[in-house]
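Undergrad: The structure's right below; bear with me while I get my questions together.
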Amino acid sequence: MTRVAGRWMGVLNCFLPVYLQRMPLVVDDTPVGQVESVKDLLTRFPHFRDSAADLCSRPVRTLSTEGVLYVNQREYAVTGPSDADVQYLGSEDATTCHIAVLRHTGCGVTCVAHFDGAGTREGIRGMMGYVGELSQSCTEGRLELHLVGGFCDDRCISEQLTLELIEEFNRVKEDIHLQTACVSELNDVEKGKVHWPVIYGVAVDVRSGEIFPAKFTDKGPDMALRHARNYTGKQEMLNIYDPKKRQLMIGPFHYARFHDADRWLEQPDHIILKYLSTSPMVEPPDFVDNTRAALNYLLEHPHPGETVFPRGRGKVYVRNTAGQWELQAQDS
């Protein structure tokens, strides 16, 4: 996971009604309430150990381009079974990060979010608001939540994020049924005295609701840009998809200058891993390459409002006939 600092504390006013009162996150109709640790959660709900072990034992499926919408760190996306362009929502490269899958069982509206501890509360407000909007006509079913990610890292960043997510989901107005908690120590394996995550990525079949470990050969457009914003103090979670228009949307957003990016690019791989990762021993093989691409992007585009998002317009993609995301021309 990319190392982050600070916390964006803005308010998404359009989603405030979701937070007007505190109602419980529930497990089998029992309120989760305050959780002090993952062990505390397991003491009260021991079945999570077996369900996490079952998910960890499943084979990793490789997804390519067709029907896939990839969600990057500090992003979320929502769609439903009627979306002809997206069958699978998913994310990966989660070490201390957590991936959340929120699904309405009545109409199948599904959200995937990739949390790293920045903008958690606002991100949950956003995803809850959008899922609520798309499922408001449903008269049956319930909201179910699946949390996957983290491991037994030395600084306990994973467990802190697990507890933060439980706390924040516990604040929402609607009842949410926690179905899966494959998090922190429940997603951990020790190899040669080093702790590793078992699952780095998951996907959900929007049509069937099946959740499975996944990796992705195509993560979509503008990945250097999408990684770059995580190094520049941008703390908010971005909604990247409009299911009504079936458009993938990147930005617009502003980012601050990343000081000494050129000097970081001169550093050897192990220095980049040590200082720009929360989990340098267990990052995916492409972490350094992705970091270098992001830093180069920041150097090439120090003023995104001028070169990346002219006239304050984001980059909009739609599926072409070959199933690829194609950039749409902007009207002048």
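Chain labels run A, B, ... following the order of the structure tokens; each chain numbers its residues from 1, and ligands are numbered from 1 in the order shown.
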Set out as JSON lines a contact list for region 177-199 of chain A and region 144-151 of chain A with a cut-off of 7 Å, giving each residue of region 177-199 of chain A that qualifies its closest atom pair and distance in Å to one decimal, counting only C-alpha atoms, ordered by chain and rising residue number.
TA:
{"residue": "A:His177", "atom": "CA", "partner": "A:Glu144", "partner_atom": "CA", "distance": 4.7}
{"residue": "A:Leu178", "atom": "CA", "partner": "A:Leu145", "partner_atom": "CA", "distance": 4.8}
{"residue": "A:Gln179", "atom": "CA", "partner": "A:His146", "partner_atom": "CA", "distance": 5.6}
{"residue": "A:Thr180", "atom": "CA", "partner": "A:His146", "partner_atom": "CA", "distance": 4.4}
{"residue": "A:Ala181", "atom": "CA", "partner": "A:Leu147", "partner_atom": "CA", "distance": 5.0}
{"residue": "A:Cys182", "atom": "CA", "partner": "A:Val148", "partner_atom": "CA", "distance": 4.7}
{"residue": "A:Val183", "atom": "CA", "partner": "A:Gly149", "partner_atom": "CA", "distance": 4.9}
{"residue": "A:Ser184", "atom": "CA", "partner": "A:Phe151", "partner_atom": "CA", "distance": 3.9}
{"residue": "A:Glu185", "atom": "CA", "partner": "A:Phe151", "partner_atom": "CA", "distance": 5.3}
{"residue": "A:Asn187", "atom": "CA", "partner": "A:Phe151", "partner_atom": "CA", "distance": 5.5}
{"residue": "A:Asp188", "atom": "CA", "partner": "A:Phe151", "partner_atom": "CA", "distance": 4.8}
{"residue": "A:Trp196", "atom": "CA", "partner": "A:Phe151", "partner_atom": "CA", "distance": 6.4}
{"residue": "A:Pro197", "atom": "CA", "partner": "A:Phe151", "partner_atom": "CA", "distance": 5.1}
{"residue": "A:Ile199", "atom": "CA", "partner": "A:Gly149", "partner_atom": "CA", "distance": 6.8}
Undergrad: Could you turn the residues from that selection into a file that holds C-alpha atoms, as a PDB file, in the first residue's frame?
TA:
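Once written, again.pdb looks like this:
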ATOM      1  CA  HIS A 177     -25.091  -7.237   7.670  1.00  0.00           C
ATOM      2  CA  LEU A 178     -21.395  -8.067   7.993  1.00  0.00           C
ATOM      3  CA  GLN A 179     -20.999 -11.336   6.107  1.00  0.00           C
ATOM      4  CA  THR A 180     -17.249 -11.624   5.612  1.00  0.00           C
ATOM      5  CA  ALA A 181     -14.327 -10.370   7.701  1.00  0.00           C
ATOM      6  CA  CYS A 182     -11.249 -11.828   6.016  1.00  0.00           C
ATOM      7  CA  VAL A 183      -9.058  -9.139   7.548  1.00  0.00           C
ATOM      8  CA  SER A 184      -5.757  -8.651   9.342  1.00  0.00           C
ATOM      9  CA  GLU A 185      -4.819 -11.887  11.177  1.00  0.00           C
ATOM     10  CA  ASN A 187      -5.809 -12.952   5.993  1.00  0.00           C
ATOM     11  CA  ASP A 188      -2.291 -13.746   7.174  1.00  0.00           C
ATOM     12  CA  TRP A 196       2.226 -11.969   4.245  1.00  0.00           C
ATOM     13  CA  PRO A 197      -1.357 -11.325   3.124  1.00  0.00           C
ATOM     14  CA  ILE A 199      -5.409 -12.498  -0.505  1.00  0.00           C
TER      15      ILE A 199
END
Undergrad: Name the residues in contact with Glu92 (chain A) at a cut-off of 10 Å, using only C-alpha atoms, excluding same-chain residues fewer than 3 positions from it; report them as an mmCIF file with all heavy atoms, in the first residue's frame.
TA:
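Dumped to selection-v2.cif:
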data_model
loop_
_atom_site.group_PDB
_atom_site.id
_atom_site.type_symbol
_atom_site.label_atom_id
_atom_site.label_comp_id
_atom_site.auth_asym_id
_atom_site.auth_seq_id
_atom_site.Cartn_x
_atom_site.Cartn_y
_atom_site.Cartn_z
ATOM 1 N N TYR A 70 -12.032 -2.158 -12.835
ATOM 2 C CA TYR A 70 -11.030 -2.220 -11.772
ATOM 3 C C TYR A 70 -11.090 -0.950 -10.928
ATOM 4 O O TYR A 70 -11.154 0.169 -11.442
ATOM 5 C CB TYR A 70 -9.629 -2.386 -12.362
ATOM 6 C CG TYR A 70 -8.566 -2.514 -11.290
ATOM 7 C CD1 TYR A 70 -8.325 -3.743 -10.679
ATOM 8 C CD2 TYR A 70 -7.836 -1.413 -10.876
ATOM 9 C CE1 TYR A 70 -7.375 -3.858 -9.684
ATOM 10 C CE2 TYR A 70 -6.876 -1.520 -9.877
ATOM 11 C CZ TYR A 70 -6.650 -2.744 -9.291
ATOM 12 O OH TYR A 70 -5.712 -2.858 -8.299
ATOM 13 N N VAL A 71 -11.019 -1.138 -9.608
ATOM 14 C CA VAL A 71 -11.068 -0.046 -8.645
ATOM 15 C C VAL A 71 -9.700 0.076 -7.991
ATOM 16 O O VAL A 71 -9.211 -0.874 -7.375
ATOM 17 C CB VAL A 71 -12.163 -0.308 -7.586
ATOM 18 C CG1 VAL A 71 -12.177 0.795 -6.539
ATOM 19 C CG2 VAL A 71 -13.534 -0.427 -8.262
ATOM 20 N N ASN A 72 -9.091 1.223 -8.104
ATOM 21 C CA ASN A 72 -7.761 1.448 -7.547
ATOM 22 C C ASN A 72 -7.848 1.921 -6.096
ATOM 23 O O ASN A 72 -8.932 2.181 -5.556
ATOM 24 C CB ASN A 72 -7.012 2.483 -8.394
ATOM 25 C CG ASN A 72 -5.510 2.444 -8.183
ATOM 26 O OD1 ASN A 72 -4.925 1.370 -8.096
ATOM 27 N ND2 ASN A 72 -4.875 3.597 -8.078
ATOM 28 N N GLN A 73 -6.689 2.042 -5.448
ATOM 29 C CA GLN A 73 -6.601 2.560 -4.078
ATOM 30 C C GLN A 73 -7.242 3.943 -3.997
ATOM 31 O O GLN A 73 -7.060 4.789 -4.858
ATOM 32 C CB GLN A 73 -5.124 2.655 -3.676
ATOM 33 C CG GLN A 73 -4.869 3.055 -2.236
ATOM 34 C CD GLN A 73 -3.373 2.964 -1.914
ATOM 35 O OE1 GLN A 73 -2.632 2.222 -2.548
ATOM 36 N NE2 GLN A 73 -2.930 3.730 -0.925
ATOM 37 N N THR A 95 -2.232 -4.676 0.623
ATOM 38 C CA THR A 95 -1.421 -5.300 1.675
ATOM 39 C C THR A 95 -2.022 -4.883 3.018
ATOM 40 O O THR A 95 -2.792 -5.633 3.609
ATOM 41 C CB THR A 95 0.060 -4.906 1.548
ATOM 42 O OG1 THR A 95 0.195 -3.478 1.537
ATOM 43 C CG2 THR A 95 0.653 -5.489 0.279
ATOM 44 N N CYS A 97 -3.984 -2.262 3.023
ATOM 45 C CA CYS A 97 -5.285 -1.760 2.567
ATOM 46 C C CYS A 97 -6.372 -2.809 2.765
ATOM 47 O O CYS A 97 -6.093 -3.998 2.927
ATOM 48 C CB CYS A 97 -5.229 -1.394 1.092
ATOM 49 S SG CYS A 97 -4.265 0.065 0.674
ATOM 50 N N HIS A 98 -7.625 -2.346 2.709
ATOM 51 C CA HIS A 98 -8.783 -3.240 2.781
ATOM 52 C C HIS A 98 -9.700 -2.969 1.593
ATOM 53 O O HIS A 98 -9.890 -1.810 1.199
ATOM 54 C CB HIS A 98 -9.585 -3.017 4.067
ATOM 55 C CG HIS A 98 -8.934 -3.541 5.301
ATOM 56 N ND1 HIS A 98 -7.577 -3.506 5.525
ATOM 57 C CD2 HIS A 98 -9.474 -4.096 6.414
ATOM 58 C CE1 HIS A 98 -7.307 -4.016 6.719
ATOM 59 N NE2 HIS A 98 -8.440 -4.396 7.269
ATOM 60 N N ILE A 99 -10.269 -4.031 1.061
ATOM 61 C CA ILE A 99 -11.253 -3.927 -0.013
ATOM 62 C C ILE A 99 -12.622 -4.252 0.580
ATOM 63 O O ILE A 99 -12.795 -5.279 1.247
ATOM 64 C CB ILE A 99 -10.916 -4.892 -1.154
ATOM 65 C CG1 ILE A 99 -9.525 -4.572 -1.727
ATOM 66 C CG2 ILE A 99 -11.982 -4.818 -2.251
ATOM 67 C CD1 ILE A 99 -8.953 -5.665 -2.607
ATOM 68 N N HIS A 114 -11.736 0.555 -2.264
ATOM 69 C CA HIS A 114 -10.377 0.200 -1.837
ATOM 70 C C HIS A 114 -9.916 1.263 -0.845
ATOM 71 O O HIS A 114 -9.589 2.386 -1.226
ATOM 72 C CB HIS A 114 -9.455 0.136 -3.056
ATOM 73 C CG HIS A 114 -8.091 -0.388 -2.770
ATOM 74 N ND1 HIS A 114 -7.478 -1.344 -3.560
ATOM 75 C CD2 HIS A 114 -7.191 -0.108 -1.791
ATOM 76 C CE1 HIS A 114 -6.269 -1.606 -3.080
ATOM 77 N NE2 HIS A 114 -6.075 -0.858 -2.007
ATOM 78 N N GLY A 149 -8.750 -7.944 3.449
ATOM 79 C CA GLY A 149 -7.478 -7.238 3.324
ATOM 80 C C GLY A 149 -6.730 -7.152 4.639
ATOM 81 O O GLY A 149 -7.233 -7.499 5.700
ATOM 82 N N ILE A 199 -4.667 -13.050 0.624
ATOM 83 C CA ILE A 199 -5.409 -12.498 -0.505
ATOM 84 C C ILE A 199 -4.978 -11.051 -0.714
ATOM 85 O O ILE A 199 -5.044 -10.230 0.208
ATOM 86 C CB ILE A 199 -6.928 -12.559 -0.256
ATOM 87 C CG1 ILE A 199 -7.398 -14.018 -0.147
ATOM 88 C CG2 ILE A 199 -7.693 -11.839 -1.361
ATOM 89 C CD1 ILE A 199 -8.856 -14.162 0.226
ATOM 90 N N TYR A 200 -4.561 -10.745 -1.930
ATOM 91 C CA TYR A 200 -4.189 -9.380 -2.303
ATOM 92 C C TYR A 200 -5.316 -8.673 -3.067
ATOM 93 O O TYR A 200 -5.347 -7.448 -3.127
ATOM 94 C CB TYR A 200 -2.942 -9.394 -3.185
ATOM 95 C CG TYR A 200 -1.630 -9.530 -2.454
ATOM 96 C CD1 TYR A 200 -1.189 -10.770 -2.013
ATOM 97 C CD2 TYR A 200 -0.823 -8.420 -2.227
ATOM 98 C CE1 TYR A 200 0.024 -10.914 -1.360
ATOM 99 C CE2 TYR A 200 0.397 -8.538 -1.579
ATOM 100 C CZ TYR A 200 0.828 -9.789 -1.150
ATOM 101 O OH TYR A 200 2.032 -9.926 -0.495
ATOM 102 N N GLY A 201 -6.182 -9.456 -3.693
ATOM 103 C CA GLY A 201 -7.228 -8.859 -4.496
ATOM 104 C C GLY A 201 -8.483 -9.711 -4.510
ATOM 105 O O GLY A 201 -8.418 -10.930 -4.346
ATOM 106 N N VAL A 202 -9.624 -9.062 -4.679
ATOM 107 C CA VAL A 202 -10.906 -9.774 -4.787
ATOM 108 C C VAL A 202 -11.748 -9.138 -5.887
ATOM 109 O O VAL A 202 -11.544 -7.975 -6.265
ATOM 110 C CB VAL A 202 -11.712 -9.757 -3.467
ATOM 111 C CG1 VAL A 202 -11.013 -10.542 -2.389
ATOM 112 C CG2 VAL A 202 -12.000 -8.342 -3.019
ATOM 113 N N ALA A 203 -12.688 -9.919 -6.375
ATOM 114 C CA ALA A 203 -13.673 -9.424 -7.331
ATOM 115 C C ALA A 203 -15.036 -9.957 -6.938
ATOM 116 O O ALA A 203 -15.148 -10.962 -6.218
ATOM 117 C CB ALA A 203 -13.319 -9.849 -8.754
ATOM 118 N N PRO A 213 -11.161 -14.541 -4.694
ATOM 119 C CA PRO A 213 -9.826 -13.943 -4.856
ATOM 120 C C PRO A 213 -9.540 -13.733 -6.333
ATOM 121 O O PRO A 213 -9.869 -14.583 -7.168
ATOM 122 C CB PRO A 213 -8.888 -14.986 -4.242
ATOM 123 C CG PRO A 213 -9.762 -15.821 -3.348
ATOM 124 C CD PRO A 213 -11.102 -15.850 -4.010
ATOM 125 N N ALA A 214 -8.915 -12.592 -6.654
ATOM 126 C CA ALA A 214 -8.725 -12.273 -8.060
ATOM 127 C C ALA A 214 -7.458 -11.470 -8.282
ATOM 128 O O ALA A 214 -6.961 -10.786 -7.379
ATOM 129 C CB ALA A 214 -9.923 -11.477 -8.592
ATOM 130 N N LYS A 215 -6.938 -11.592 -9.495
ATOM 131 C CA LYS A 215 -5.901 -10.696 -9.969
ATOM 132 C C LYS A 215 -6.317 -10.213 -11.348
ATOM 133 O O LYS A 215 -7.156 -10.842 -12.022
ATOM 134 C CB LYS A 215 -4.537 -11.376 -10.002
ATOM 135 C CG LYS A 215 -4.433 -12.607 -10.874
ATOM 136 C CD LYS A 215 -3.021 -13.192 -10.770
ATOM 137 C CE LYS A 215 -2.882 -14.461 -11.609
ATOM 138 N NZ LYS A 215 -1.499 -15.018 -11.529
ATOM 139 N N PHE A 216 -5.721 -9.121 -11.792
ATOM 140 C CA PHE A 216 -6.218 -8.421 -12.967
ATOM 141 C C PHE A 216 -5.073 -8.149 -13.935
ATOM 142 O O PHE A 216 -4.059 -7.570 -13.561
ATOM 143 C CB PHE A 216 -6.872 -7.097 -12.562
ATOM 144 C CG PHE A 216 -8.008 -7.266 -11.591
ATOM 145 C CD1 PHE A 216 -7.762 -7.433 -10.235
ATOM 146 C CD2 PHE A 216 -9.320 -7.291 -12.031
ATOM 147 C CE1 PHE A 216 -8.800 -7.613 -9.333
ATOM 148 C CE2 PHE A 216 -10.363 -7.464 -11.141
ATOM 149 C CZ PHE A 216 -10.102 -7.632 -9.781
ATOM 150 N N LYS A 219 -5.959 -3.157 -15.694
ATOM 151 C CA LYS A 219 -6.560 -2.362 -14.626
ATOM 152 C C LYS A 219 -7.198 -1.069 -15.135
ATOM 153 O O LYS A 219 -7.586 -0.222 -14.355
ATOM 154 C CB LYS A 219 -5.515 -2.069 -13.559
ATOM 155 C CG LYS A 219 -5.014 -3.342 -12.888
ATOM 156 C CD LYS A 219 -3.964 -3.076 -11.836
ATOM 157 C CE LYS A 219 -3.517 -4.394 -11.207
ATOM 158 N NZ LYS A 219 -2.461 -4.202 -10.181
ATOM 159 N N PRO A 284 3.401 -6.255 -3.936
ATOM 160 C CA PRO A 284 3.385 -6.966 -5.217
ATOM 161 C C PRO A 284 4.610 -6.597 -6.047
ATOM 162 O O PRO A 284 5.200 -5.529 -5.860
ATOM 163 C CB PRO A 284 2.091 -6.478 -5.875
ATOM 164 C CG PRO A 284 1.252 -5.957 -4.758
ATOM 165 C CD PRO A 284 2.194 -5.430 -3.736
#
Undergrad: Residues of region 48-142 of chain A in strand (DSSP E) according to DSSP, as a ChimeraX atom specification?
TA: /A:61-63,68-70,75-79,88-91,98-104,110-115
Undergrad: Excluding Gln34 (chain A) and its own-chain neighbours fewer than 3 positions away, which residues fall within 9 Å of it when counting only C-alpha atoms? Please give them as a list of chain:residue names.
TA: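 The contact residues come out as A:Leu163, A:Ile166, A:Glu167, A:Asn170.
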Undergrad: Atoms to include: C-alpha atoms. Write the selected residues as an mmCIF file, in the first residue's frame.
TA:
data_model
loop_
_atom_site.group_PDB
_atom_site.id
_atom_site.type_symbol
_atom_site.label_atom_id
_atom_site.label_comp_id
_atom_site.auth_asym_id
_atom_site.auth_seq_id
_atom_site.Cartn_x
_atom_site.Cartn_y
_atom_site.Cartn_z
ATOM 1 C CA LEU A 163 -11.251 -1.314 13.399
ATOM 2 C CA ILE A 166 -16.016 -1.365 11.507
ATOM 3 C CA GLU A 167 -16.451 1.826 13.529
ATOM 4 C CA ASN A 170 -21.304 1.088 12.513
#
Undergrad: In Å, rounded to a single decimal, give me how far CA of Asp93 (chain A) is from CA of Val68 (chain A).
TA: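 Computed distance, CA of Val68 (chain A) to CA of Asp93 (chain A), equals 16.2 Å.
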Undergrad: Any idea what's packed within 12 Å of Leu42 (chain A), counting only C-alpha atoms, ignoring anything in its chain fewer than 4 positions away? Could you give it as number ranges by chain?
TA: A: 27, 32, 35-38, 46-52, 180-186
Undergrad: Counting only C-alpha atoms, which of A:Asn230, A:Gln330, A:Ser91, A:Ser208 gets nearest to Gly108 (chain A)?
TA: A:Ser208
